[in-house]
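Step one of this worksheet: look at the structure below.
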Number of protein chains: 2
Amino acid sequence: MTGGARTSPVERRLLAAAVRLFAEHGFDGVSVQQIVEAAQVTKGGLYHYFDSKQDLLHEIYRSLIGRQLADLERILAAGLDPAATVRAVIRELVTSTAEHIDEAQVFAREMHRLDPDRLAAVRADRRRYHVAFREVVERGQREGVFAKVAPAETVTLVVFGMVNEMPRWYRADGRKPAAAFAEEVADLILAGLRPS
Amino acid sequence: MTGGARTSPVERRLLAAAVRLFAEHGFDGVSVQQIVEAAQVTKGGLYHYFDSKQDLLHEIYRSLIGRQLADLERILAAGLDPAATVRAVIRELVTSTAEHIDEAQVFAREMHRLDPDRLAAVRADRRRYHVAFREVVERGQREGVFAKVAPAETVTLVVFGMVNEMPRWYRADGRKPAAAFAEEVADLILAGLRPS
């Protein structure tokens with residue numbers, strides 16, 4: 001469920017080819033034949049690992065959210081205070097999204113093409129992340145280290161909006177490294193949450 | 001360029017049908033024939049007003065950004081202070097996006113399908129809005145009414161990320177009215193920008 005299992009070279013070649021082709025031509029604009037040719041794999045090879053083109057799309061996302069959920073668990077397990085947790089989560093989300101910006105872009109555009117079961121699984125993963133972040137903000141507000149300037153749900157929607165929009169503007173060769181951008185966003189959000 | 005011209009009932013029927021069908025089936029999944037049938041217009045009627053399916057997609061966006069740019073001009077012309085301007089822009093963007101959430105969703109998913117010329121025109125419109133907002137934040141930071149907690153560009157990316165992600169979660173029949181959400185976001189951003 002949370003990624004890490006797709007470790008064979010053939011699977012990795014197929015996923016990399018699919019990401020590149022979907023990013024360039026869209027999910028509908030790419031055939032299974034084009035994917036296997038780009039990956040230099042036979043159709044039999046593809047169907048050994050993946051049920052369908054939909055399955056490839058789902059796996060592109062699972063490998064990304066899987067890594068992100070594992071990092072989230074690690075951050076939460078560290079037992080930092082709410083402000084340090086918020087900063088660590090923003091840093092991790094922004095940098096992992098930047099490192100996998102093609103996957104994030106394909107997913108933002110094509111997520112609605114998943115069948116209902118896969119879409120429900122993806123939404124559940126996103127929801128887990130969303131709720132975990134919101135709970136950190138709620139805890140900070142309850143303990144008085146964060147101001148109740150806005151509901152924790154709204155703070156969460158602002159942070160995830162920023163992350164999910166990164167594929168539209170982030171370029172690996174752009175002027176600002178993702179890590180620096182993450183610190184600036186954390187500074188802004190934590191200043192907004194600072195008790196007056 | 002900035003909308004307002006598409007006022008005939010036939011054009012409005014065609015645009016409404018195209019938005020609905022694109023939202024449900026995606027741009028590639030909808031034929032011109034399906035659009036004219038849903039709008040109860042002949043193909044000749046469609047081609048009298050629109051060059052192509054691409055032209056319809058472009059017009060869906062132009063009518064939304066056109067309204068938003070006109071509202072922005074009105075807000076800027078009012079000569080409010082930077083904090084009141086930031087609040088007014090966030091309020092306007094959030095509520096107009098909520099009112100046209102299907103158009104915003106189609107656009108978020110299908111914008112990359114526009115041909116290069118139309119895509120360039122759309123990007124220029126978005127850029128105008130982005131730069132105008134960033135300049136308001138820069139002015140506040142220069143005048144000392146906003147803290148330099150983060151670069152104005154980063155503040156702008158956070159605000160527009162939140163707006164552009166609304167199609168993923170906003171529901172007209174949801175628990176929170178868009179206007180209330182807009183005030184909460186403005187409270188958070190302005191608290192973040194408050195000089196300490």
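Residue numbering restarts at 1 for every chain of the structure tokens, chains are lettered A, B, ... in their displayed order, and ligands are numbered from 1 as they appear.
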
Sorted by chain and rising residue number, list the residues of chain B at most 10 Å from chain A (counting only C-alpha atoms), each with its closest atom pair and distance in Å to one decimal, as a Markdown table.
```
| residue | atom | partner | partner_atom | distance |
| --- | --- | --- | --- | --- |
| B:Ala23 | CA | A:His112 | CA | 10.0 |
| B:Glu24 | CA | A:His112 | CA | 9.6 |
| B:His25 | CA | A:Arg113 | CA | 9.1 |
| B:Gly26 | CA | A:Arg113 | CA | 8.8 |
| B:Asp28 | CA | A:Asp28 | CA | 7.5 |
| B:Gly29 | CA | A:Asp28 | CA | 8.9 |
| B:Ala108 | CA | A:Arg109 | CA | 7.5 |
| B:Arg109 | CA | A:Arg109 | CA | 5.0 |
| B:Glu110 | CA | A:Arg109 | CA | 7.6 |
| B:Met111 | CA | A:Arg109 | CA | 9.5 |
| B:His112 | CA | A:Gly26 | CA | 9.1 |
| B:Arg113 | CA | A:Gly26 | CA | 8.7 |
| B:Ala147 | CA | A:Ala191 | CA | 9.6 |
| B:Lys148 | CA | A:Leu188 | CA | 9.3 |
| B:Val149 | CA | A:Leu188 | CA | 6.0 |
| B:Ala150 | CA | A:Glu184 | CA | 5.2 |
| B:Pro151 | CA | A:Glu184 | CA | 7.5 |
| B:Glu153 | CA | A:Phe181 | CA | 10.0 |
| B:Thr154 | CA | A:Val185 | CA | 6.8 |
| B:Val155 | CA | A:Leu188 | CA | 7.6 |
| B:Thr156 | CA | A:Met162 | CA | 9.9 |
| B:Leu157 | CA | A:Met162 | CA | 6.7 |
| B:Val158 | CA | A:Met162 | CA | 5.0 |
| B:Val159 | CA | A:Val158 | CA | 7.4 |
| B:Phe160 | CA | A:Met162 | CA | 7.6 |
| B:Gly161 | CA | A:Met162 | CA | 4.3 |
| B:Met162 | CA | A:Gly161 | CA | 4.3 |
| B:Val163 | CA | A:Gly161 | CA | 7.5 |
| B:Asn164 | CA | A:Glu165 | CA | 7.2 |
| B:Glu165 | CA | A:Gly161 | CA | 5.2 |
| B:Met166 | CA | A:Gly161 | CA | 7.9 |
| B:Arg168 | CA | A:Gly161 | CA | 9.4 |
| B:Trp169 | CA | A:Leu157 | CA | 8.9 |
| B:Phe181 | CA | A:Thr154 | CA | 7.2 |
| B:Ala182 | CA | A:Thr154 | CA | 9.4 |
| B:Glu183 | CA | A:Ala150 | CA | 8.8 |
| B:Glu184 | CA | A:Ala150 | CA | 5.2 |
| B:Val185 | CA | A:Thr154 | CA | 6.8 |
| B:Ala186 | CA | A:Ala150 | CA | 9.0 |
| B:Asp187 | CA | A:Val149 | CA | 6.3 |
| B:Leu188 | CA | A:Gly192 | CA | 5.2 |
| B:Ile189 | CA | A:Gly192 | CA | 6.2 |
| B:Leu190 | CA | A:Gly192 | CA | 7.2 |
| B:Ala191 | CA | A:Gly192 | CA | 4.5 |
| B:Gly192 | CA | A:Gly192 | CA | 3.5 |
| B:Leu193 | CA | A:Gly192 | CA | 7.3 |
| B:Arg194 | CA | A:Gly192 | CA | 8.1 |
| B:Pro195 | CA | A:Ala191 | CA | 9.6 |
| B:Ser196 | CA | A:Ser196 | CA | 8.7 |
```

Could you go through segment 63-170 of chain B and tell me which residues DSSP, when run on the backbone, assigns to helix (DSSP H, G or I), listing them as an MDAnalysis selection string? chainID B and resid 63:77 82:99 101:113 116:143 152:164 166:169

Looking at A:Ala104, A:Tyr49, A:Ala98, A:Gln68, which one is nearest to Asp173 of chain A, with distances taken over only C-alpha atoms?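 With only C-alpha atoms as the atom set, the closest residue is A:Ala98.
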
Using only C-alpha atoms, what does the table of segment 59-80 of chain A residues within 9 Å of segment 93-97 of chain A look like, with each row giving the shortest atom pair and its distance in Å to one decimal, sorted by chain and ascending number, as JSON lines?
```
{"residue": "A:Leu64", "atom": "CA", "partner": "A:Thr97", "partner_atom": "CA", "distance": 8.1}
{"residue": "A:Arg67", "atom": "CA", "partner": "A:Ser96", "partner_atom": "CA", "distance": 8.3}
{"residue": "A:Gln68", "atom": "CA", "partner": "A:Leu93", "partner_atom": "CA", "distance": 6.8}
{"residue": "A:Asp71", "atom": "CA", "partner": "A:Leu93", "partner_atom": "CA", "distance": 8.8}
{"residue": "A:Leu72", "atom": "CA", "partner": "A:Leu93", "partner_atom": "CA", "distance": 8.8}
```

Need the shell around Ala17 of chain A: protein/DNA/RNA residues with any atom at most 7 Å away, counting only C-alpha atoms. Skip same-chain ones fewer than 2 positions apart. Format as a list in words?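 The residues that qualify are Arg13, Leu14, Leu15, Val19, Arg20, Leu21, Ile35, Ala38 and Ala39 of chain A.
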
If I take atom CA of Val122 of chain A and atom CA of Arg171 of chain B, how far is one from the other in Å, to one decimal? 19.3 Å

Could you state the separation of atom CA of Asp81 of chain A and atom CA of Ala180 of chain A in Å, given to one decimal place?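 According to the coordinates, atom CA of Asp81 of chain A and atom CA of Ala180 of chain A are separated by 21.6 Å.
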
Contacts of Gln33 of chain B within 8 Å, only C-alpha atoms, excl. fewer than 3 positions in-chain, as a list in words: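 Returned residues: Val36, Glu37 and Lys43 of chain B.
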
Atoms kept (all heavy atoms) for selection, written as an mmCIF file, in the first residue's frame:
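Output file part.cif follows:
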```cif
data_model
loop_
_atom_site.group_PDB
_atom_site.id
_atom_site.type_symbol
_atom_site.label_atom_id
_atom_site.label_comp_id
_atom_site.auth_asym_id
_atom_site.auth_seq_id
_atom_site.Cartn_x
_atom_site.Cartn_y
_atom_site.Cartn_z
ATOM 1 N N VAL B 36 -22.990 20.081 -29.098
ATOM 2 C CA VAL B 36 -24.120 20.741 -29.779
ATOM 3 C C VAL B 36 -25.448 20.077 -29.401
ATOM 4 O O VAL B 36 -26.460 20.755 -29.241
ATOM 5 C CB VAL B 36 -23.937 20.811 -31.317
ATOM 6 C CG1 VAL B 36 -22.703 21.635 -31.679
ATOM 7 C CG2 VAL B 36 -23.877 19.431 -31.955
ATOM 8 N N GLU B 37 -25.421 18.757 -29.199
ATOM 9 C CA GLU B 37 -26.671 18.079 -28.785
ATOM 10 C C GLU B 37 -27.099 18.540 -27.390
ATOM 11 O O GLU B 37 -28.266 18.841 -27.147
ATOM 12 C CB GLU B 37 -26.479 16.559 -28.797
ATOM 13 C CG GLU B 37 -26.583 15.973 -30.203
ATOM 14 C CD GLU B 37 -26.256 14.480 -30.240
ATOM 15 O OE1 GLU B 37 -26.273 13.835 -29.168
ATOM 16 O OE2 GLU B 37 -25.969 13.975 -31.346
ATOM 17 N N LYS B 43 -24.447 22.249 -35.412
ATOM 18 C CA LYS B 43 -23.005 22.398 -35.555
ATOM 19 C C LYS B 43 -22.665 23.735 -36.206
ATOM 20 O O LYS B 43 -21.700 24.398 -35.832
ATOM 21 C CB LYS B 43 -22.427 21.253 -36.408
ATOM 22 C CG LYS B 43 -21.906 20.110 -35.561
ATOM 23 C CD LYS B 43 -20.939 19.222 -36.328
ATOM 24 C CE LYS B 43 -20.626 17.997 -35.479
ATOM 25 N NZ LYS B 43 -19.759 17.013 -36.150
#
```

For Phe50 of chain A, work out the shell of residues within 9 Å, counting only C-alpha atoms and skipping chain neighbours fewer than 6 positions away, then give it as a VMD selection string. chain A and resid 11 56 59

With all heavy atoms retained, write the just-selected residues as a PDB file, in the first residue's frame.
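Wrote it out as part-v3.pdb, contents follow:
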```pdb
ATOM      1  N   GLU A  11      10.136  -2.825 -13.435  1.00  0.00           N
ATOM      2  CA  GLU A  11       9.044  -1.982 -12.937  1.00  0.00           C
ATOM      3  C   GLU A  11       9.453  -0.516 -12.910  1.00  0.00           C
ATOM      4  O   GLU A  11       8.681   0.364 -13.286  1.00  0.00           O
ATOM      5  CB  GLU A  11       8.650  -2.419 -11.517  1.00  0.00           C
ATOM      6  CG  GLU A  11       7.844  -3.702 -11.483  1.00  0.00           C
ATOM      7  CD  GLU A  11       7.767  -4.249 -10.073  1.00  0.00           C
ATOM      8  OE1 GLU A  11       8.815  -4.702  -9.549  1.00  0.00           O
ATOM      9  OE2 GLU A  11       6.683  -4.200  -9.492  1.00  0.00           O
ATOM     10  N   LEU A  56      -0.753   1.416 -13.733  1.00  0.00           N
ATOM     11  CA  LEU A  56       0.485   2.201 -13.782  1.00  0.00           C
ATOM     12  C   LEU A  56       0.267   3.597 -13.193  1.00  0.00           C
ATOM     13  O   LEU A  56       1.077   4.080 -12.398  1.00  0.00           O
ATOM     14  CB  LEU A  56       0.954   2.352 -15.233  1.00  0.00           C
ATOM     15  CG  LEU A  56       1.912   1.299 -15.771  1.00  0.00           C
ATOM     16  CD1 LEU A  56       1.956   1.365 -17.293  1.00  0.00           C
ATOM     17  CD2 LEU A  56       3.320   1.529 -15.212  1.00  0.00           C
ATOM     18  N   GLU A  59       0.038   3.386  -9.531  1.00  0.00           N
ATOM     19  CA  GLU A  59       1.324   3.099  -8.905  1.00  0.00           C
ATOM     20  C   GLU A  59       2.236   4.334  -8.881  1.00  0.00           C
ATOM     21  O   GLU A  59       3.004   4.535  -7.932  1.00  0.00           O
ATOM     22  CB  GLU A  59       2.013   1.944  -9.637  1.00  0.00           C
ATOM     23  CG  GLU A  59       3.188   1.378  -8.894  1.00  0.00           C
ATOM     24  CD  GLU A  59       2.826   0.893  -7.489  1.00  0.00           C
ATOM     25  OE1 GLU A  59       1.698   0.386  -7.280  1.00  0.00           O
ATOM     26  OE2 GLU A  59       3.675   1.048  -6.578  1.00  0.00           O
TER      27      GLU A  59
END
```

Considering only C-alpha atoms, can you say which of A:Ala78, A:Ile101, A:Val30, A:Ala152 comes closest to His130 of chain A?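 Result for the nearest residue to His130 of chain A: A:Ala152.
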